[in-house]
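Written below as C-alpha cells is the structure these notes are about.
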Amino acid sequence: MTLASLSPLWPELIVAGAAMLLLMVGVFRPETDNDGEAVGWLAILALIGAGVVIIQQPTASQTLFDNAFVIDGFGRFMKLLVLAGSAVALLLAFDDFRDHKHMKFEYPVLILLATVGMMMMVSASDLISLYLGLELQSLALYVVAAFRRDDVRSSEAGLKYFVLGALSSGMLLYGASLVYGFTGSTSFPVIAGIAKSSVAAGNIGLIFGLVFLMVGIAFKISAVPFHMWTPDVYEGAPTPVTAFFAAAPKIAAMALLCRVTLGAFPGFTAQWQQIIVFLSLASMLLGAFAAIGQTSIKRLMAYSSIANVGFALVGLSAHSAEGTQGVLIFMGVYLVMTLGVFACILSMRRQGGAVDTIDDLAGLSKHNLPMAMTLLVLMFSLAGIPPLAGFFSKWYVFLAAVNANLWLLAVVGVLASVVGAYYYLRIVKIMFFDDAAEPFLPVRAKALAVMAVSVVFVLFFVLPFIGGPIVEAATAAAKTFRY
Amino acid sequence: MALTAGFFYLFATLAVFSAVMVIVAKNPVHAVLFLILTFFNAAGLFILLGAEFLAMLLIIVYVGAVSVLFLFVVMMLDVDFAELRAGFIKNAPLGLMVGGILVIELIMVLGFQVLKPGIAAQASVPIVPGASNTAALGRVLYTKYVYFFQGAGLILLVAMIGAIVLTLRHKEGVKRQSIAAQNARTPATAMSVVKVPSGGSMIPDAKPARVPEPVE
C-alpha cells in the first residue's frame, strides 16, 4: 500500500490530522477562559478543506482496506452534509461559549474527532468500521454534552446520554456478533451475498442479528421507541451542543442505517422493512403529539427532530432509488432548517442570560421583525407548507412511499405532518399576536449569517438553480445501491 | 522436557496457591498483591504454551493497569471487608450452588473431546509458519487491519481528552514546578533586604507557608 492509494481517505485524514494538530496548539498555548477561539476558526477551516477535497474526488466508487472503507456517491453526499453541519454548529458555538467563559480549545477538537467518526460511519462497509466510527462519534458527543461541567443539567445530559448510549452500543455489538457468526464475515458485500442466497433465506439467527443491529442504530437516530434520551439530552446540553446534536450526528446515523439495510441486507428486505415502517410510524406520531405540550423550545426541537427522523425513514422503507433519494434530500433540508432554528434559539438572549421557553418569544415581531420573519419561514418550512423547502423534502419521501404501495405510511405521515403543523404555527402565533415580552439583545453576526443563509435556502429551494443541483446530486447518490 | 514440566508445576502450584490466598488473606492489600502473583504465574503458563503475546498482555494490562487500579480502590475507598465477610455462612449455600454449576460447566467445556470428538480440529487456527504469534499479529494489525487499529487509537484519544476536559481543575494556590523560572532565579530576584526600624517589627507581605493539618 502506498500513500497514493490512500487518496480516497484524504478528507478523513485532513480532519483527524487537524484535530491532533489543534490539540497540540491548544495545549502549548497559554491557558485562558476562551482559548478555543483561534483553534475553533482553524477547525472550521479544516472542515471546509475536507469538504473541498470531497467535491474534487472522482465520482467512481472505490474501496479501501479490504472493503472496510468505501467511497461512493452516497458517501460523498452524506459527508458533505455532515461537514457542513459540524462547521455551522461550531460557528454558532463561539458567542454562546464566550458568554459562559467556557470556550475551551478542547471543544473544537472534540467536534473534529466526532466528525471523523461520523465520516467513518458514512463510509463504513464492514461491521468493525461501523462500530469504530459509531463509538468515535458517540464518545465525543458524550463529552461535549457534559461540556459545561459545573452545570448540573449539562452533566446530567452527558451521563444520561452515556449510559443509554453504552446500552445501545452493547445491543449493536451483540447483533454484529450474531451476524458475523451466521455469515462468517464482517464485510457488508460478503454479508449481502450470503443473505441473498437461498441458504440464508429467513435464517432466524441472521434476523436476530439484523434486529439488534437496527436497535443500536435506531437509538442513535432517536427513532421511537428508542428516543427516551433525546428530550432530556437536548434540553440539558449547552444550546450550541444541542444544535450540533440535532444536525450532523443524525445524518451520519441515517447514512449508517442506509448502509446496513441497503448495502448489507438487500436479501432481507421484507424483514427490515417491517422494522423501518414501525419505527417510522411510531416516530412520526410520537414526535407530532408529544411536542404539543412542551414549553421549552429546546425540548420542542427534540420532539421535532424525532418526528423528522420518522419522515426520513418513510423514504428508506420504500426500498427504491426514489426512496433513498428522498432520504438524502430530506436530511439535507432538515440540516438547514434545524441549524437555522437553532441560530434563532441562540439569539434568544436577555440581560440576565439566555432564555429558552416558547413564551419568551411572545410579541417578537414588534421588537425584531427580521428574526420573527426568519423563525416564521423556518416554522412554515418545518410544517411542510409549499413552496418552502420543507414541503419538497416531505413530498419526495411520501411520493416514494406511495410508489412502493406503502399507503398507510404515507397517509399517517401526512396526518402527523398536520398535527405537527399545530405546534409550529403556535410559535408563529405567539411571536406575531401575543403581547410583547421584554425584547432580546441584538442578534450577533454569526447567528445572523446562519439565519440568513437558511432562510434564503428554504425560501428559494423551489428555484431550479438552488434545489436543482441538490436533487440531481441526490438522484446520482441514490444510484449507489442496487435495489 | 523435564525442565518444561518442572516449570509448569512450579507456575501451576504457585498460581493455585496465590489464588487461594487472594480469598483467604485478611488484609485486602495483601489479597491484591497475591492477585498480582497469580497473574504472573498465569503469564508463565502462557509462555510455556507458546503464547507469549497473551503473556505480555496479561502482564501489561492486568498487572500494570488493572491490579494497580484495584490497589488504588482498596486503599482509597476504605471498604470494611470484615463487614462484607459477616454474611459468609448465611450466603454459603448460594455460593456452593453457583460454584457447583461452574464446576459442571467446566467439566463440559474440558470434556468436549469426549462429548463430541473431532471438534478440536476445527478450533485450531493456522499460524503463519515461521513466525511467533506476536509477529503474526503485528503483520495483520499494521496491514490488513490498519484502518481499524488507527480508528481504535482515535477512540482512545477521545477518551483521554474527555477525561481531562471533564475532570481537570486548576486549583488556586497550588504551586507548580517551572524549571526555567527556578533556574533563572538569582540572588537579586530571590532575596530582598529590608530595613527594620529599631524597636519595630516587620510583617512579610508574602502569604504564610501552609501549615499541614494535624493527622487524626
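Chain labels A, B, ... are given in the sequence in which chains occur in the C-alpha cells; within each chain residues are numbered consecutively from 1, and ligands are likewise numbered from 1 in the order shown.
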Would you tabulate, counting only C-alpha atoms, all residues of chain A that have an atom at most 7 Å from an atom of chain B, showing the closest pair of atoms and their distance in Å to one decimal, sorted by chain then ascending number, as JSON lines?
```
{"residue": "A:Phe65", "atom": "CA", "partner": "B:Lys144", "partner_atom": "CA", "distance": 6.4}
{"residue": "A:Ser129", "atom": "CA", "partner": "B:Phe148", "partner_atom": "CA", "distance": 6.4}
{"residue": "A:Leu132", "atom": "CA", "partner": "B:Gly151", "partner_atom": "CA", "distance": 6.3}
{"residue": "A:Leu136", "atom": "CA", "partner": "B:Ile155", "partner_atom": "CA", "distance": 5.0}
{"residue": "A:Leu139", "atom": "CA", "partner": "B:Val158", "partner_atom": "CA", "distance": 6.9}
{"residue": "A:Ala140", "atom": "CA", "partner": "B:Val158", "partner_atom": "CA", "distance": 6.2}
{"residue": "A:Val143", "atom": "CA", "partner": "B:Gly162", "partner_atom": "CA", "distance": 5.6}
{"residue": "A:Phe147", "atom": "CA", "partner": "B:Leu166", "partner_atom": "CA", "distance": 6.9}
{"residue": "A:Arg149", "atom": "CA", "partner": "B:Leu166", "partner_atom": "CA", "distance": 6.3}
```
Sort by chain and increasing residue number a table of all residues of range 39-135 of chain A within 9 Å of range 457-476 of chain A, each with its closest pair of atoms and their distance in Å to one decimal, counting only C-alpha atoms, and write it as CSV.
```
residue,atom,partner,partner_atom,distance
A:Gly73,CA,A:Ala476,CA,6.8
A:Phe74,CA,A:Ala474,CA,7.8
A:Phe77,CA,A:Ala474,CA,7.2
```
Next item on the list: Find the spatial neighbours of range 394-410 of chain A, counting only C-alpha atoms, within a cut-off of 12 Å - ignore same-chain residues fewer than 6 positions away - and output them as a PyMOL selection string.
Entry: chain A and resi 273-274+276-285+307-334+381-388+416-417+471+474-475
Check: Using the chain letters and numbers from this document, which residues of chain B does DSSP assign to alpha helix (DSSP H), as a PyMOL selection string?
Finding: chain B and resi 2-24+28-48+52-57+67-77+81-85+88-110+112-115+119-123+133-141+146-167+179-183+187-190
Next item on the list: Could you tell me how far CA of Phe105 in chain A lies from CA of Ala38 in chain A, in Å and to one decimal?
Entry: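 CA of Ala38 in chain A lies 8.4 Å from CA of Phe105 in chain A.
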